[in-house]
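Undergrad: Mind having a look at this structure? Questions to follow.
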There are 2 protein chains.
Amino acid sequence: MRTDEIRPKNNSTIAVEKLRDLIFSGALPAGSNHLETELAKRLGMSRTPVREAALTLEAQGLVAVQARKGVKILPISVRDMEEIYDVLTALESMAARQAAEQAYGYEDLAALAQTITDMEAALGENDRDHWAVADDNFHTELVRLGGNRRVMSTVAMMADQVRRAKAVTLYLRPLPSQSNEDHRAVLEAIAKGDPARAEEVHRMHRLEAKDTLIALLTQSRLQML
Amino acid sequence: MRTDEIRPKNNSTIAVEKLRDLIFSGALPAGSNHLETELAKRLGMSRTPVREAALTLEAQGLVAVQARKGVKILPISVRDMEEIYDVLTALESMAARQAAEQAYGYEDLAALAQTITDMEAALGENDRDHWAVADDNFHTELVRLGGNRRVMSTVAMMADQVRRAKAVTLYLRPLPSQSNEDHRAVLEAIAKGDPARAEEVHRMHRLEAKDTLIALLTQSRLQML
DNA sequence: GCATACATTAATGTATACATTGTCAAGAAT
DNA sequence: ATTCTTGACAATGTATACATTAATGTATGC
């Protein structure tokens with residue numbers, strides 16, 4: 001759960017951010033263990049805020065803290081990926097439906113439209129990294145339009161958990177050119193106020209994405225570390 | 001996220017349990033603030049494990065920790081209830097579908113059937129408390145049969161958040177006699193391996209439950225503290 | 001009399017010392 | 001040689017002392 005509210009910048013929250021960066025950058029590889037003392041030295045603070053940050057990240061499903069074994073960066077298995085994609089499918093589809101129910105105007109949908117434009121631009125330049133960022137923004141903005149804060153935080157948590165895996169697979173698969181038609185279709189359904197279509201199109205989009213990714217992972221026998 | 005794994009019984013986890021009990025029993029009323037020092041004295045331990053427990057509970061959406069204002073027991077608004085019920089509807093319906101896809105035998109479904117029997121028994125004796133427990137067990141067992149651990153933990157979190165509100169409304173509404181037919185229908189659909197029907201019946205069941213509860217809350221103008 | 005500035009205080013945030021406990025290794029006995 | 005036991009060590013878990021900071025109250029000046 002994202003606790004990105006008006007929390008002050010104490011060392012504990014700074015530790016959360018820094019540890020997240022270290023995890024996503026691969027500096028702390030999945031499956032590895034790290035003692036609290038080491039992490040504290042690395043972050044330039046005492047054990048207390050580091051320990052608190054570790055507990056927060058544990059609640060978010062990114063690490064596990066084990067006595068005398070340190071903080072373990074949780075690996076992600078294919079089974080985990082399936083679980084996460086199923087949750088994302090269910091929640092995002094509902095968000096798409098509820099977004100379409102709210103009679104948003106073009107003003108409100110500008111941000112969502114922008115992410116699609118960004119994806120198309122990135123596709124044109126064969127820029128996978130920017131495409132991934134824009135795709136992430138699309139999903140984030142979609143659930144924001146859905147208006148359910150708990151869906152937002154849950155989706156954000158799950159997206160975090162697969163972020164590292166996506167970085168690995170991003171360059172394995174063909175460029176997702178089909179994807180953009182789906183995105184536009186979802187946007188249009190929301191703009192036209194067609195909840196059933198918005199939900200269904202997005203659900204299909206998600207199911208395809210899941211199948212593609214799972215197939216890729218199973219074929220390449222990647223141990224998602 | 002339920003961290004009910006093999007975690008050792010350290011004071012930190014004990015503090016989580018005790019604080020949860022205090023919250024659910026109403027000893028710590030919703031909306032109230034409590035200083036870390038007071039809570040520590042109350043639980044018979046130092047501030048450190050109490051503070052860690054507060055952070056865990058914050059990640060679970062039960063409290064908010066604010067500098068110099070202590071640990072705030074989060075109140076639940078009608079809007080919150082709607083959000084939570086929508087998430088539960090989406091995730092539990094998917095769980096019902098996936099449970100039906102797994103060709104469970106009668107052995108596997110015995111626990112689920114038992115919760116329905118319990119609910120019927122409680123209804124017969126007009127025992128709302130036992131009915132509520134059995135109903136809780138039904139939903140827990142359903143998502144367990146779905147097989148997605150992330151759905152399990154997310155549903156458990158959301159169920160926790162509405163637990164206090166349910167205690168309030170339990171004696172306001174009429175006895176849910178209709179409910180049991182729905183439960184049996186879901187069980188049968190899973191036993192027969194009919195995913196579409198399992199999902200749809202449960203979704204309808206959830207939507208009705210939501211409408212009933214929201215209507216009740218709005219009418220009685222309950223400030224869900 | 002009101003406003004502003006400063007001081008006091010009380011609570012969180014942090015560091016560190018200490019207690020507890022599991023792990024690992026070394027040695028002895030079978 | 002292998003296994004069991006024992007002990008030292010090292011890392012977490014906990015308590016507490018200390019630093020920081022925001023809020024409140026008081027005093028002073030305008």
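Numbering starts fresh at 1 for the residues of each chain in the structure tokens, the chains themselves are lettered A, B, ... in the order given, and ligands are numbered from 1 as they appear.
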Mind dumping a table of every chain D residue within 12 Å of chain B, with the nearest atom pair and its distance in Å to one decimal, using only C-alpha atoms (C1' of nucleotides), sorted by chain and rising number, as CSV?

TA:
```
residue,atom,partner,partner_atom,distance
D:DT12,C1',B:Asn10,CA,10.6
D:DG13,C1',B:Asn10,CA,7.5
D:DT14,C1',B:Thr48,CA,7.0
D:DA15,C1',B:Ser46,CA,6.2
D:DT16,C1',B:Ser46,CA,8.8
D:DT20,C1',B:Ala67,CA,11.7
D:DT21,C1',B:Arg68,CA,9.4
D:DA22,C1',B:Arg68,CA,7.8
D:DA23,C1',B:Arg68,CA,9.0
```

Undergrad: Selected residues, N, CA and C atoms (P, O5', C5', C4', C3', O3' and C1' of nucleotides), written as a PDB file, in the first residue's frame, please.

TA:
```
ATOM      1  P    DT D  12      20.336  -8.798  11.261  1.00  0.00           P
ATOM      2  O5'  DT D  12      19.158  -9.067  12.302  1.00  0.00           O
ATOM      3  C5'  DT D  12      18.314 -10.184  12.099  1.00  0.00           C
ATOM      4  C4'  DT D  12      17.623 -10.563  13.385  1.00  0.00           C
ATOM      5  C3'  DT D  12      16.473  -9.641  13.769  1.00  0.00           C
ATOM      6  O3'  DT D  12      15.396 -10.442  14.243  1.00  0.00           O
ATOM      7  C1'  DT D  12      17.997  -9.783  15.554  1.00  0.00           C
ATOM      8  P    DG D  13      13.949  -9.829  14.351  1.00  0.00           P
ATOM      9  O5'  DG D  13      13.846  -9.453  15.891  1.00  0.00           O
ATOM     10  C5'  DG D  13      13.690 -10.503  16.842  1.00  0.00           C
ATOM     11  C4'  DG D  13      13.661  -9.932  18.246  1.00  0.00           C
ATOM     12  C3'  DG D  13      12.646  -8.805  18.467  1.00  0.00           C
ATOM     13  O3'  DG D  13      12.021  -9.043  19.730  1.00  0.00           O
ATOM     14  C1'  DG D  13      14.795  -8.063  19.104  1.00  0.00           C
ATOM     15  P    DT D  14      10.871  -8.137  20.242  1.00  0.00           P
ATOM     16  O5'  DT D  14      11.627  -7.181  21.260  1.00  0.00           O
ATOM     17  C5'  DT D  14      12.185  -7.740  22.439  1.00  0.00           C
ATOM     18  C4'  DT D  14      12.862  -6.662  23.239  1.00  0.00           C
ATOM     19  C3'  DT D  14      11.995  -5.445  23.563  1.00  0.00           C
ATOM     20  O3'  DT D  14      11.845  -5.431  24.961  1.00  0.00           O
ATOM     21  C1'  DT D  14      14.175  -4.798  22.851  1.00  0.00           C
ATOM     22  P    DA D  15      10.894  -4.414  25.686  1.00  0.00           P
ATOM     23  O5'  DA D  15      11.967  -3.380  26.253  1.00  0.00           O
ATOM     24  C5'  DA D  15      13.051  -3.889  27.015  1.00  0.00           C
ATOM     25  C4'  DA D  15      14.055  -2.794  27.300  1.00  0.00           C
ATOM     26  C3'  DA D  15      13.460  -1.479  27.826  1.00  0.00           C
ATOM     27  O3'  DA D  15      14.195  -1.096  28.971  1.00  0.00           O
ATOM     28  C1'  DA D  15      14.841  -1.053  25.941  1.00  0.00           C
ATOM     29  P    DT D  16      13.668   0.075  29.894  1.00  0.00           P
ATOM     30  O5'  DT D  16      14.660   1.272  29.549  1.00  0.00           O
ATOM     31  C5'  DT D  16      16.046   0.986  29.401  1.00  0.00           C
ATOM     32  C4'  DT D  16      16.756   2.140  28.729  1.00  0.00           C
ATOM     33  C3'  DT D  16      16.236   3.535  29.094  1.00  0.00           C
ATOM     34  O3'  DT D  16      17.348   4.387  29.234  1.00  0.00           O
ATOM     35  C1'  DT D  16      16.330   3.350  26.797  1.00  0.00           C
ATOM     36  P    DT D  20      19.895  17.143  16.840  1.00  0.00           P
ATOM     37  O5'  DT D  20      18.335  17.140  16.509  1.00  0.00           O
ATOM     38  C5'  DT D  20      17.778  15.995  15.876  1.00  0.00           C
ATOM     39  C4'  DT D  20      16.311  16.240  15.585  1.00  0.00           C
ATOM     40  C3'  DT D  20      15.954  17.673  15.159  1.00  0.00           C
ATOM     41  O3'  DT D  20      15.110  17.575  14.031  1.00  0.00           O
ATOM     42  C1'  DT D  20      14.592  17.009  16.970  1.00  0.00           C
ATOM     43  P    DT D  21      14.743  18.879  13.179  1.00  0.00           P
ATOM     44  O5'  DT D  21      13.221  19.099  13.570  1.00  0.00           O
ATOM     45  C5'  DT D  21      12.353  17.971  13.651  1.00  0.00           C
ATOM     46  C4'  DT D  21      11.051  18.371  14.298  1.00  0.00           C
ATOM     47  C3'  DT D  21      10.624  19.823  14.022  1.00  0.00           C
ATOM     48  O3'  DT D  21       9.221  19.844  13.863  1.00  0.00           O
ATOM     49  C1'  DT D  21      10.646  19.469  16.315  1.00  0.00           C
ATOM     50  P    DA D  22       8.587  20.525  12.549  1.00  0.00           P
ATOM     51  O5'  DA D  22       7.053  20.720  12.952  1.00  0.00           O
ATOM     52  C5'  DA D  22       6.338  19.578  13.380  1.00  0.00           C
ATOM     53  C4'  DA D  22       5.570  19.894  14.630  1.00  0.00           C
ATOM     54  C3'  DA D  22       4.729  21.165  14.577  1.00  0.00           C
ATOM     55  O3'  DA D  22       3.501  20.891  15.208  1.00  0.00           O
ATOM     56  C1'  DA D  22       6.100  21.236  16.466  1.00  0.00           C
ATOM     57  P    DA D  23       2.198  21.658  14.801  1.00  0.00           P
ATOM     58  O5'  DA D  23       1.458  21.862  16.193  1.00  0.00           O
ATOM     59  C5'  DA D  23       1.525  20.809  17.155  1.00  0.00           C
ATOM     60  C4'  DA D  23       1.488  21.392  18.553  1.00  0.00           C
ATOM     61  C3'  DA D  23       0.589  22.617  18.695  1.00  0.00           C
ATOM     62  O3'  DA D  23      -0.104  22.535  19.923  1.00  0.00           O
ATOM     63  C1'  DA D  23       2.726  23.124  19.492  1.00  0.00           C
TER      64       DA D  23
END
```

Undergrad: Give me, as a compact mmCIF listing (two decimals) with N, CA, C and O atoms, in the first residue's frame, the residues of range 11-163 of chain B that a backbone DSSP run labels strand (DSSP E).

TA:
```
# COMPACT_ATOMS: atom_id res chain seq x y z
N ASN B 33 -7.05 9.00 19.11
CA ASN B 33 -5.59 9.04 19.00
C ASN B 33 -4.97 8.48 20.27
O ASN B 33 -5.49 8.67 21.36
N HIS B 34 -3.84 7.82 20.10
CA HIS B 34 -3.18 7.21 21.25
C HIS B 34 -1.68 7.35 21.13
O HIS B 34 -1.11 6.95 20.12
N VAL B 63 -4.77 1.95 10.92
CA VAL B 63 -4.43 3.14 11.70
C VAL B 63 -3.56 4.08 10.87
O VAL B 63 -3.11 3.72 9.78
N ALA B 64 -3.38 5.29 11.38
CA ALA B 64 -2.43 6.22 10.78
C ALA B 64 -1.53 6.72 11.89
O ALA B 64 -2.02 7.02 12.98
N VAL B 65 -0.24 6.76 11.64
CA VAL B 65 0.67 7.30 12.66
C VAL B 65 1.04 8.72 12.24
O VAL B 65 1.51 8.96 11.14
N GLN B 66 0.79 9.67 13.15
CA GLN B 66 1.07 11.07 12.87
C GLN B 66 2.00 11.61 13.94
O GLN B 66 1.80 11.35 15.12
N GLY B 70 0.16 10.88 17.78
CA GLY B 70 0.00 9.48 18.17
C GLY B 70 -0.58 8.63 17.06
O GLY B 70 -0.65 9.02 15.90
N VAL B 71 -1.01 7.44 17.44
CA VAL B 71 -1.58 6.48 16.51
C VAL B 71 -3.08 6.74 16.42
O VAL B 71 -3.78 6.66 17.43
N LYS B 72 -3.56 7.04 15.23
CA LYS B 72 -4.98 7.31 15.06
C LYS B 72 -5.71 6.09 14.52
O LYS B 72 -5.31 5.54 13.49
N ILE B 73 -6.75 5.67 15.21
CA ILE B 73 -7.56 4.56 14.73
C ILE B 73 -8.45 5.12 13.63
O ILE B 73 -9.28 5.98 13.88
```

Undergrad: As a list in words, please: the residues near Leu112 in chain B (cut-off 7 Å, only C-alpha atoms (C1' of nucleotides), same-chain neighbours under 2 positions excluded).

TA: Leu109, Ala110, Gln114, Thr115, Ile116, Phe138, Glu141 and Leu142 of chain B

Undergrad: Could those selected residues go to a file with C-alpha atoms, as a tab-separated table (two decimals), in the first residue's frame?

TA:
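New file result_23.tsv:
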```tsv
chain	number	residue	atom	x	y	z
B	109	LEU	CA	-15.36	-28.58	-0.55
B	110	ALA	CA	-16.29	-30.00	2.85
B	114	GLN	CA	-19.66	-26.67	6.64
B	115	THR	CA	-19.69	-22.87	6.79
B	116	ILE	CA	-23.04	-22.87	4.98
B	138	PHE	CA	-17.41	-18.81	4.01
B	141	GLU	CA	-12.68	-20.43	2.51
B	142	LEU	CA	-13.97	-19.36	-0.88
```

Undergrad: Distance cut-off 12 Å, counting only C-alpha atoms (C1' of nucleotides) - which residues of chain C neighbour chain A? Return them as a PyMOL selection string.

TA: chain C and resi 12-16+20-23

Undergrad: Could you write out the selected residues, including C-alpha atoms (C1' of nucleotides), as a PDB file, in the first residue's frame?

TA:
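Just written: out26.pdb:
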```pdb
ATOM      1  C1'  DT C  12       8.064  11.533  17.886  1.00  0.00           C
ATOM      2  C1'  DG C  13      12.359  10.134  15.479  1.00  0.00           C
ATOM      3  C1'  DT C  14      16.948   8.217  16.003  1.00  0.00           C
ATOM      4  C1'  DA C  15      20.941   6.083  17.855  1.00  0.00           C
ATOM      5  C1'  DT C  16      22.963   2.880  20.688  1.00  0.00           C
ATOM      6  C1'  DT C  20      18.117 -13.138  23.492  1.00  0.00           C
ATOM      7  C1'  DT C  21      18.611 -16.741  20.555  1.00  0.00           C
ATOM      8  C1'  DG C  22      19.660 -19.417  16.479  1.00  0.00           C
ATOM      9  C1'  DT C  23      23.581 -20.936  13.803  1.00  0.00           C
TER      10       DT C  23
END
```

Undergrad: Compare A:Val201, A:Ala103, A:Ala59, A:Ala111 by their minimum atom-to-atom distance to chain B, counting only C-alpha atoms, and give me the closest one.

TA: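 For chain B, the nearest of the given residues is A:Ala59.
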
Undergrad: Find the residues of chain B in contact range of chain A, meaning any atom within 7 Å when counting only C-alpha atoms, and list them as an MDAnalysis selection string.

TA: chainID B and resid 1 52 55:56 59 83 87 90:91 148 150:151

Undergrad: Keeping only N, CA and C atoms, write the selected residues to a file as a CSV table (one decimal), in the first residue's frame.

TA:
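Full text of out_9.csv as output:
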```csv
chain,number,residue,atom,x,y,z
B,1,MET,N,-2.0,-6.9,4.6
B,1,MET,CA,-1.5,-8.2,4.2
B,1,MET,C,-1.3,-9.0,5.5
B,52,GLU,N,6.7,-0.5,15.9
B,52,GLU,CA,6.8,-1.4,14.7
B,52,GLU,C,5.4,-1.9,14.4
B,55,LEU,N,3.3,0.6,12.6
B,55,LEU,CA,3.7,0.8,11.2
B,55,LEU,C,3.0,-0.4,10.4
B,56,THR,N,3.0,-1.6,11.0
B,56,THR,CA,2.4,-2.7,10.3
B,56,THR,C,0.9,-2.5,10.1
B,59,ALA,N,0.2,0.0,7.4
B,59,ALA,CA,0.3,-0.6,6.1
B,59,ALA,C,-1.0,-1.4,5.7
B,83,GLU,N,-15.9,1.5,-1.4
B,83,GLU,CA,-14.7,1.1,-2.1
B,83,GLU,C,-14.3,-0.4,-1.7
B,87,VAL,N,-14.0,-3.8,-4.1
B,87,VAL,CA,-12.8,-4.6,-4.3
B,87,VAL,C,-13.1,-6.1,-3.9
B,90,ALA,N,-15.0,-7.8,-6.8
B,90,ALA,CA,-14.2,-8.1,-7.9
B,90,ALA,C,-13.3,-9.3,-7.6
B,91,LEU,N,-12.6,-9.3,-6.5
B,91,LEU,CA,-11.7,-10.4,-6.2
B,91,LEU,C,-12.3,-11.7,-5.8
B,148,ASN,N,-5.4,-18.2,-5.1
B,148,ASN,CA,-4.5,-17.0,-5.3
B,148,ASN,C,-4.2,-16.4,-4.0
B,150,ARG,N,-2.4,-13.8,-3.1
B,150,ARG,CA,-2.6,-12.4,-3.0
B,150,ARG,C,-4.0,-12.0,-2.9
B,151,VAL,N,-4.9,-12.7,-3.5
B,151,VAL,CA,-6.3,-12.4,-3.3
B,151,VAL,C,-6.7,-12.7,-1.9
```

Undergrad: Would you kindly return, as number ranges by chain, each protein, DNA or RNA residue with an atom no farther than 10 Å from any atom of Gly105 in chain B, considering only C-alpha atoms (C1' of nucleotides) and excluding same-chain residues fewer than 3 positions away?

TA: B: 102, 108-110, 190-193

Undergrad: Using N, CA and C atoms, can you export the residues from the last selection as a tab-separated table (two decimals), in the first residue's frame?

TA:
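Output (out29.tsv):
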```tsv
chain	number	residue	atom	x	y	z
B	102	GLN	N	-11.09	-25.71	-10.92
B	102	GLN	CA	-10.06	-26.61	-10.42
B	102	GLN	C	-10.53	-28.02	-10.12
B	108	ASP	N	-12.64	-31.72	-0.87
B	108	ASP	CA	-12.05	-30.39	-0.86
B	108	ASP	C	-13.07	-29.32	-0.47
B	109	LEU	N	-14.33	-29.59	-0.78
B	109	LEU	CA	-15.36	-28.58	-0.55
B	109	LEU	C	-16.07	-28.75	0.78
B	110	ALA	N	-15.62	-29.71	1.58
B	110	ALA	CA	-16.29	-30.00	2.85
B	110	ALA	C	-16.28	-28.77	3.76
B	190	ILE	N	-19.39	-24.48	-8.05
B	190	ILE	CA	-17.98	-24.89	-7.92
B	190	ILE	C	-17.88	-26.41	-8.01
B	191	ALA	N	-18.79	-27.12	-7.33
B	191	ALA	CA	-18.77	-28.58	-7.33
B	191	ALA	C	-18.99	-29.14	-8.73
B	192	LYS	N	-19.88	-28.48	-9.48
B	192	LYS	CA	-20.18	-28.95	-10.83
B	192	LYS	C	-19.15	-28.48	-11.85
B	193	GLY	N	-18.27	-27.60	-11.42
B	193	GLY	CA	-17.27	-27.09	-12.36
B	193	GLY	C	-17.85	-26.14	-13.37
```

Undergrad: Have a look at CA of Val16 in chain A and CA of Leu39 in chain A and let me know their distance in Å, one decimal.

TA: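 Computed distance, CA of Val16 in chain A to CA of Leu39 in chain A, equals 11.5 Å.
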
Undergrad: Quick one: DSSP helix (DSSP H, G or I) residues in range 13-192 of chain A, as a VMD selection string?

TA: chain A and resid 13 to 24 36 to 43 47 to 59 78 to 100 106 to 124 128 to 146 149 to 169 178 to 192

Undergrad: Keeping only C-alpha atoms, write the selected residues to a file as a CSV table (one decimal), in the first residue's frame.

TA:
```csv
chain,number,residue,atom,x,y,z
A,13,THR,CA,10.5,7.1,4.7
A,14,ILE,CA,13.8,8.0,3.0
A,15,ALA,CA,15.0,4.5,3.8
A,16,VAL,CA,11.9,3.1,2.1
A,17,GLU,CA,12.5,5.1,-1.0
A,18,LYS,CA,16.2,4.3,-1.2
A,19,LEU,CA,15.7,0.6,-0.6
A,20,ARG,CA,13.0,0.5,-3.3
A,21,ASP,CA,15.5,2.2,-5.7
A,22,LEU,CA,18.2,-0.3,-4.8
A,23,ILE,CA,15.8,-3.2,-5.4
A,24,PHE,CA,14.4,-1.9,-8.7
A,36,GLU,CA,20.2,-4.7,8.8
A,37,THR,CA,23.6,-3.4,9.9
A,38,GLU,CA,25.0,-3.5,6.4
A,39,LEU,CA,21.9,-1.7,5.0
A,40,ALA,CA,22.2,0.9,7.7
A,41,LYS,CA,25.8,1.6,6.9
A,42,ARG,CA,24.9,1.7,3.2
A,43,LEU,CA,22.2,4.2,3.7
A,47,ARG,CA,19.4,0.4,12.2
A,48,THR,CA,16.2,1.8,13.6
A,49,PRO,CA,14.8,3.6,10.5
A,50,VAL,CA,16.2,0.8,8.2
A,51,ARG,CA,14.4,-1.8,10.2
A,52,GLU,CA,11.2,0.2,10.1
A,53,ALA,CA,11.6,0.6,6.3
A,54,ALA,CA,12.1,-3.2,6.0
A,55,LEU,CA,8.8,-3.8,7.8
A,56,THR,CA,7.0,-1.4,5.6
A,57,LEU,CA,8.5,-3.1,2.5
A,58,GLU,CA,7.5,-6.5,3.9
A,59,ALA,CA,3.9,-5.4,4.2
A,78,VAL,CA,5.9,-17.7,-12.6
A,79,ARG,CA,3.1,-18.6,-10.2
A,80,ASP,CA,3.5,-15.2,-8.5
A,81,MET,CA,3.3,-13.5,-11.9
A,82,GLU,CA,0.1,-15.3,-12.7
A,83,GLU,CA,-1.4,-14.4,-9.3
A,84,ILE,CA,-0.5,-10.7,-9.7
A,85,TYR,CA,-1.8,-10.5,-13.3
A,86,ASP,CA,-5.1,-12.0,-12.3
A,87,VAL,CA,-5.5,-9.5,-9.5
A,88,LEU,CA,-4.6,-6.6,-11.9
A,89,THR,CA,-7.0,-7.9,-14.4
A,90,ALA,CA,-9.9,-8.0,-12.0
A,91,LEU,CA,-9.3,-4.7,-10.4
A,92,GLU,CA,-8.3,-2.7,-13.5
A,93,SER,CA,-11.3,-4.0,-15.4
A,94,MET,CA,-13.6,-2.8,-12.6
A,95,ALA,CA,-11.7,0.5,-12.6
A,96,ALA,CA,-12.3,0.8,-16.4
A,97,ARG,CA,-16.0,0.1,-15.9
A,98,GLN,CA,-16.4,2.6,-13.1
A,99,ALA,CA,-14.4,5.3,-15.0
A,100,ALA,CA,-16.9,4.9,-17.9
A,106,TYR,CA,-12.2,15.4,-22.5
A,107,GLU,CA,-10.5,17.5,-20.0
A,108,ASP,CA,-10.5,14.7,-17.4
A,109,LEU,CA,-9.3,12.2,-20.0
A,110,ALA,CA,-6.4,14.3,-21.3
A,111,ALA,CA,-3.9,12.6,-19.1
A,112,LEU,CA,-5.0,9.1,-20.1
A,113,ALA,CA,-4.9,10.2,-23.8
A,114,GLN,CA,-1.4,11.6,-23.3
A,115,THR,CA,-0.1,8.2,-22.1
A,116,ILE,CA,-1.4,6.6,-25.2
A,117,THR,CA,0.3,9.2,-27.4
A,118,ASP,CA,3.5,8.7,-25.5
A,119,MET,CA,3.3,4.9,-26.1
A,120,GLU,CA,2.8,5.5,-29.8
A,121,ALA,CA,5.7,7.9,-30.0
A,122,ALA,CA,7.9,5.5,-28.1
A,123,LEU,CA,6.9,2.7,-30.5
A,124,GLY,CA,7.8,4.8,-33.5
A,128,ARG,CA,11.1,0.2,-25.2
A,129,ASP,CA,12.1,2.0,-21.9
A,130,HIS,CA,9.9,5.0,-22.6
A,131,TRP,CA,7.1,2.7,-23.8
A,132,ALA,CA,7.2,0.8,-20.5
A,133,VAL,CA,7.0,4.1,-18.6
A,134,ALA,CA,4.1,5.3,-20.6
A,135,ASP,CA,2.3,1.9,-20.3
A,136,ASP,CA,2.8,2.1,-16.5
A,137,ASN,CA,1.3,5.6,-16.6
A,138,PHE,CA,-1.7,4.4,-18.6
A,139,HIS,CA,-2.6,1.8,-16.0
A,140,THR,CA,-2.0,4.1,-13.1
A,141,GLU,CA,-4.2,6.8,-14.7
A,142,LEU,CA,-6.9,4.3,-15.6
A,143,VAL,CA,-7.3,3.2,-12.0
A,144,ARG,CA,-7.2,6.8,-10.8
A,145,LEU,CA,-10.1,7.6,-13.1
A,146,GLY,CA,-11.9,4.6,-11.6
A,149,ARG,CA,-8.4,4.6,-3.7
A,150,ARG,CA,-8.0,1.1,-2.4
A,151,VAL,CA,-7.8,-0.2,-6.0
A,152,MET,CA,-5.2,2.4,-6.7
A,153,SER,CA,-3.0,1.3,-3.8
A,154,THR,CA,-3.5,-2.4,-4.3
A,155,VAL,CA,-2.7,-2.1,-8.0
A,156,ALA,CA,0.4,0.1,-7.2
A,157,MET,CA,1.6,-2.6,-4.8
A,158,MET,CA,1.2,-5.4,-7.4
A,159,ALA,CA,2.8,-3.4,-10.1
A,160,ASP,CA,5.8,-2.8,-7.9
A,161,GLN,CA,6.2,-6.6,-7.4
A,162,VAL,CA,6.3,-7.3,-11.1
A,163,ARG,CA,8.4,-4.3,-12.0
A,164,ARG,CA,11.7,-6.1,-11.9
A,165,ALA,CA,10.4,-9.0,-13.9
A,166,LYS,CA,9.0,-6.6,-16.5
A,167,ALA,CA,12.5,-5.1,-16.9
A,168,VAL,CA,13.8,-8.5,-17.7
A,169,THR,CA,11.1,-9.4,-20.2
A,178,GLN,CA,-1.4,-4.5,-30.9
A,179,SER,CA,-1.5,-3.1,-27.5
A,180,ASN,CA,-2.2,0.5,-28.5
A,181,GLU,CA,-5.4,-0.3,-30.3
A,182,ASP,CA,-6.7,-1.8,-27.1
A,183,HIS,CA,-5.7,1.2,-25.1
A,184,ARG,CA,-7.5,3.5,-27.6
A,185,ALA,CA,-10.6,1.3,-27.4
A,186,VAL,CA,-10.6,1.6,-23.6
A,187,LEU,CA,-10.2,5.3,-23.8
A,188,GLU,CA,-13.1,5.7,-26.3
A,189,ALA,CA,-15.4,3.4,-24.3
A,190,ILE,CA,-14.8,5.6,-21.2
A,191,ALA,CA,-15.3,8.8,-23.2
A,192,LYS,CA,-18.5,7.5,-24.7
```

Undergrad: Could you tell me how far CA of Pro176 in chain A lies from CA of Glu125 in chain A, in Å and to one decimal?

TA: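 Taking CA of Pro176 in chain A and CA of Glu125 in chain A, their separation equals 13.0 Å.
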
Undergrad: Using only C-alpha atoms (C1' of nucleotides), which protein or nucleic acid residues come within 10 Å of DT8 in chain C? Drop anything in the same chain fewer than 3 positions from it, and give the result as a ChimeraX atom specification.

TA: /D:24-26

Undergrad: Mind writing the picked residues with C-alpha atoms (C1' of nucleotides) as a PDB file, in the first residue's frame?

TA:
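Now in selection21.pdb:
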```pdb
ATOM      1  C1'  DT D  24       1.409  25.825  23.243  1.00  0.00           C
ATOM      2  C1'  DG D  25       1.763  29.362  26.482  1.00  0.00           C
ATOM      3  C1'  DT D  26       3.764  33.458  28.220  1.00  0.00           C
TER       4       DT D  26
END
```

Undergrad: Between CA of Leu213 in chain A and CA of Ile76 in chain A, what distance in Å does the model show, to one decimal?

TA: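 These atoms are spaced 13.4 Å apart.
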